[in-house]
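Participant: My questions will all concern the structure given below.
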Amino acid sequence: MVEIQFEEYGSGNAAEMHSVLFGNTMRALNLDSSYGSYVEVLPGVTLATVNLVSMFALHRRWRAALVGHLAVFEMTSVEPMARYSSALDRFGIGPEGRRFYDVHVEADERHAVIARDRMVAGLIRAEPELGPDVLFGAAAVLMLEQRFAAHLLDAWGSNRSSLISSKLNAG
């Protein structure tokens, strides 16, 4: 987990931190990249995706669920990240605005193997009784991501915003 998180935090280079890269993407889209700037317009189904990982991380009892969550996320993110980058390219967003996604396409291929073969396998070897919790974390993130995707597709299919209010259109 430390190896994966080290890369998420830029491998020691603050300009390469994934949070910084995501801020660059937001600015390329003319969005406010300051912390929490859109939280009041996000529906619960969106917030649940980040609240779950926070809950697992904040409670030692759920450490194996955190491992399952992270492993599934890393193992399933390459294709969506490539699609997001491609979509931004079609909208004329340059390389700096797509870098967050492009970095993840490359990094998450490595992270998937690390998560599966070292992180999950290592935990289960050391504490086999935690297997059900690993599976719970994996299932929980998949369920929430499915609900989030259904919410987006329903909103877009109905030609309406997926947000609670229209802060994006107000400014």
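Lettering and numbering for the structure tokens are positional, with chains as A, B, ... in the shown order, residues counted from 1 in each chain, and ligands counted from 1 in the shown order.
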May I have the residues within 8 Å of stretch 145-148 of chain A as a list in words, using only C-alpha atoms and disregarding those fewer than 6 positions away in the same chain?

Facilitator: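 Contacts, in chain order: Val45, Thr46 and Thr49 of chain A.
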
Participant: Save out the residues we just selected, C-alpha atoms, as a short mmCIF file (atom, residue, chain, number, x, y, z; two decimals), in the first residue's frame.

Facilitator:
```cif
data_model
loop_
_atom_site.label_atom_id
_atom_site.label_comp_id
_atom_site.auth_asym_id
_atom_site.auth_seq_id
_atom_site.Cartn_x
_atom_site.Cartn_y
_atom_site.Cartn_z
CA VAL A 45 -24.29 8.77 -4.23
CA THR A 46 -21.21 10.71 -5.38
CA THR A 49 -17.65 6.78 -3.14
#
```

Participant: Need to verify the contact set: A:Leu163, 10 Å, only C-alpha atoms, exclusion of same-chain residues closer than 3 positions in sequence. Can you return it as a list in words?

Facilitator: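 So the residues in contact are Tyr38, Val39, Glu40, Val41, Leu42, Pro43, Gly44, Thr46, His151, Leu152, Ala155, Arg160, Ser166, Lys167 and Leu168 of chain A.
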
Participant: Nearest to A:Glu79: which of A:Arg125, A:His104, A:Arg118, A:His18 is it, counting only C-alpha atoms?

Facilitator: A:His104

Participant: Residues near stretch 69-71 of chain A, anyone? I mean within 10 Å using only C-alpha atoms, not counting same-chain ones fewer than 2 positions away, as an MDAnalysis selection string.

Facilitator: chainID A and resid 1 4 52:53 56 63:67 73:76 111:117 119:120 133:142

Participant: What does the file look like for those residues with N, CA and C atoms, as an mmCIF file, in the first residue's frame?

Facilitator:
```
data_model
loop_
_atom_site.group_PDB
_atom_site.id
_atom_site.type_symbol
_atom_site.label_atom_id
_atom_site.label_comp_id
_atom_site.auth_asym_id
_atom_site.auth_seq_id
_atom_site.Cartn_x
_atom_site.Cartn_y
_atom_site.Cartn_z
ATOM 1 N N MET A 1 0.832 -1.186 0.000
ATOM 2 C CA MET A 1 0.000 0.000 0.000
ATOM 3 C C MET A 1 0.876 1.249 0.000
ATOM 4 N N ILE A 4 2.161 2.086 -3.532
ATOM 5 C CA ILE A 4 1.117 2.692 -4.363
ATOM 6 C C ILE A 4 0.875 4.131 -3.925
ATOM 7 N N LEU A 52 -16.632 6.093 1.697
ATOM 8 C CA LEU A 52 -16.366 4.687 1.999
ATOM 9 C C LEU A 52 -14.887 4.462 2.273
ATOM 10 N N VAL A 53 -14.029 4.921 1.377
ATOM 11 C CA VAL A 53 -12.594 4.709 1.568
ATOM 12 C C VAL A 53 -12.114 5.439 2.818
ATOM 13 N N PHE A 56 -13.113 3.294 5.873
ATOM 14 C CA PHE A 56 -12.212 2.150 6.023
ATOM 15 C C PHE A 56 -10.860 2.599 6.559
ATOM 16 N N ARG A 63 -9.233 -2.333 8.177
ATOM 17 C CA ARG A 63 -8.026 -2.255 7.350
ATOM 18 C C ARG A 63 -8.035 -3.260 6.203
ATOM 19 N N ALA A 64 -8.555 -4.445 6.402
ATOM 20 C CA ALA A 64 -8.607 -5.427 5.319
ATOM 21 C C ALA A 64 -9.635 -5.011 4.263
ATOM 22 N N ALA A 65 -10.726 -4.378 4.673
ATOM 23 C CA ALA A 65 -11.695 -3.858 3.707
ATOM 24 C C ALA A 65 -11.054 -2.741 2.880
ATOM 25 N N LEU A 66 -10.218 -1.934 3.521
ATOM 26 C CA LEU A 66 -9.479 -0.899 2.802
ATOM 27 C C LEU A 66 -8.579 -1.528 1.742
ATOM 28 N N VAL A 67 -7.912 -2.602 2.084
ATOM 29 C CA VAL A 67 -7.057 -3.307 1.129
ATOM 30 C C VAL A 67 -7.895 -3.827 -0.044
ATOM 31 N N PHE A 73 -10.067 -1.012 -6.896
ATOM 32 C CA PHE A 73 -9.980 0.281 -7.576
ATOM 33 C C PHE A 73 -8.787 0.308 -8.525
ATOM 34 N N GLU A 74 -7.636 -0.139 -8.044
ATOM 35 C CA GLU A 74 -6.433 -0.150 -8.885
ATOM 36 C C GLU A 74 -6.574 -1.127 -10.051
ATOM 37 N N MET A 75 -7.233 -2.245 -9.823
ATOM 38 C CA MET A 75 -7.352 -3.275 -10.852
ATOM 39 C C MET A 75 -8.393 -2.937 -11.916
ATOM 40 N N THR A 76 -9.237 -1.961 -11.674
ATOM 41 C CA THR A 76 -10.303 -1.652 -12.638
ATOM 42 C C THR A 76 -10.217 -0.234 -13.194
ATOM 43 N N HIS A 111 0.141 -0.659 -10.411
ATOM 44 C CA HIS A 111 -0.542 -0.713 -9.121
ATOM 45 C C HIS A 111 -1.467 -1.920 -9.017
ATOM 46 N N ALA A 112 -2.098 -2.295 -10.115
ATOM 47 C CA ALA A 112 -3.000 -3.455 -10.099
ATOM 48 C C ALA A 112 -2.250 -4.716 -9.707
ATOM 49 N N VAL A 113 -1.073 -4.896 -10.259
ATOM 50 C CA VAL A 113 -0.262 -6.080 -9.958
ATOM 51 C C VAL A 113 0.232 -6.024 -8.516
ATOM 52 N N ILE A 114 0.686 -4.854 -8.090
ATOM 53 C CA ILE A 114 1.152 -4.694 -6.708
ATOM 54 C C ILE A 114 0.003 -4.993 -5.743
ATOM 55 N N ALA A 115 -1.165 -4.424 -6.024
ATOM 56 C CA ALA A 115 -2.317 -4.603 -5.136
ATOM 57 C C ALA A 115 -2.728 -6.064 -5.038
ATOM 58 N N ARG A 116 -2.817 -6.721 -6.175
ATOM 59 C CA ARG A 116 -3.274 -8.116 -6.194
ATOM 60 C C ARG A 116 -2.221 -9.075 -5.639
ATOM 61 N N ASP A 117 -1.008 -8.986 -6.179
ATOM 62 C CA ASP A 117 0.008 -9.997 -5.893
ATOM 63 C C ASP A 117 0.785 -9.772 -4.602
ATOM 64 N N MET A 119 -0.074 -6.823 -2.060
ATOM 65 C CA MET A 119 -0.856 -6.248 -0.960
ATOM 66 C C MET A 119 -1.923 -7.230 -0.463
ATOM 67 N N VAL A 120 -2.802 -7.680 -1.358
ATOM 68 C CA VAL A 120 -3.865 -8.608 -0.943
ATOM 69 C C VAL A 120 -3.270 -9.950 -0.546
ATOM 70 N N ASP A 133 -13.185 -9.792 5.061
ATOM 71 C CA ASP A 133 -13.177 -8.328 5.080
ATOM 72 C C ASP A 133 -12.580 -7.756 3.796
ATOM 73 N N VAL A 134 -11.567 -8.405 3.248
ATOM 74 C CA VAL A 134 -11.005 -7.974 1.961
ATOM 75 C C VAL A 134 -12.098 -8.035 0.899
ATOM 76 N N LEU A 135 -12.820 -9.140 0.881
ATOM 77 C CA LEU A 135 -13.902 -9.299 -0.097
ATOM 78 C C LEU A 135 -15.023 -8.286 0.131
ATOM 79 N N PHE A 136 -15.317 -7.985 1.395
ATOM 80 C CA PHE A 136 -16.333 -6.983 1.700
ATOM 81 C C PHE A 136 -15.925 -5.620 1.138
ATOM 82 N N GLY A 137 -14.678 -5.217 1.347
ATOM 83 C CA GLY A 137 -14.205 -3.932 0.820
ATOM 84 C C GLY A 137 -14.282 -3.880 -0.690
ATOM 85 N N ALA A 138 -13.911 -4.988 -1.341
ATOM 86 C CA ALA A 138 -13.982 -5.061 -2.800
ATOM 87 C C ALA A 138 -15.423 -4.956 -3.269
ATOM 88 N N ALA A 139 -16.315 -5.704 -2.640
ATOM 89 C CA ALA A 139 -17.729 -5.683 -3.032
ATOM 90 C C ALA A 139 -18.362 -4.321 -2.761
ATOM 91 N N ALA A 140 -17.982 -3.698 -1.654
ATOM 92 C CA ALA A 140 -18.563 -2.400 -1.290
ATOM 93 C C ALA A 140 -18.217 -1.333 -2.320
ATOM 94 N N VAL A 141 -16.957 -1.261 -2.740
ATOM 95 C CA VAL A 141 -16.588 -0.242 -3.725
ATOM 96 C C VAL A 141 -17.261 -0.519 -5.066
ATOM 97 N N LEU A 142 -17.351 -1.774 -5.457
ATOM 98 C CA LEU A 142 -18.017 -2.099 -6.721
ATOM 99 C C LEU A 142 -19.496 -1.718 -6.685
#
```

Participant: Can you work out the spacing between atom CA of A:Trp62 and atom CA of A:Ile124 in Å, to one decimal?

Facilitator: 14.2 Å

Participant: Atom CA of A:Arg98 and atom CA of A:Ser11 are how many Å apart?

Facilitator: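 We find that atom CA of A:Arg98 and atom CA of A:Ser11 lie 19.2 Å from each other.
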
Participant: Could you check which of A:Leu31, A:Asp154, A:Ile93, A:Leu130 is closest to A:Arg61, using only C-alpha atoms?

Facilitator: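 Result for the nearest residue to A:Arg61: A:Leu130.
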
Participant: Excluding A:Ser86 and its own-chain neighbours fewer than 6 positions away, which residues fall within 12 Å of it when counting only C-alpha atoms? Please give them as a ChimeraX atom specification.

Facilitator: /A:79-80,92-95,97-99,101-102,105

Participant: Counting only C-alpha atoms, figure out which residue out of A:Arg90, A:Val103, A:Val50, A:Ser85 gets nearest to A:Gly10.

Facilitator: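 Closest candidate: A:Val103.
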
Participant: In Å, how far is it from atom CA of A:Ala48 to atom CA of A:Met143?

Facilitator: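 Distance reported for this atom pair: 10.6 Å.
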
Participant: Quick one: DSSP helix (DSSP H, G or I) residues in chain A, as an MDAnalysis selection string?

Facilitator: chainID A and resid 2:8 10:12 14:16 18:28 39:41 44:58 60:76 78:90 95:126 128:157 167:170

Participant: Go through A:Glu3, A:Glu129, A:Asp89, A:Asp32 one by one, measure the shortest atom-to-atom distance of each to A:Ala107 using only C-alpha atoms, and give the residue with the smallest value.

Facilitator: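 Closest to A:Ala107 of all the choices is A:Glu3.
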
Participant: Nearest to A:Leu21: which of A:Ile164, A:Glu8, A:Arg110, A:Asn51 is it, counting only C-alpha atoms?

Facilitator: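 Of A:Ile164, A:Glu8, A:Arg110, A:Asn51, the one nearest A:Leu21, counting only C-alpha atoms, is A:Glu8.
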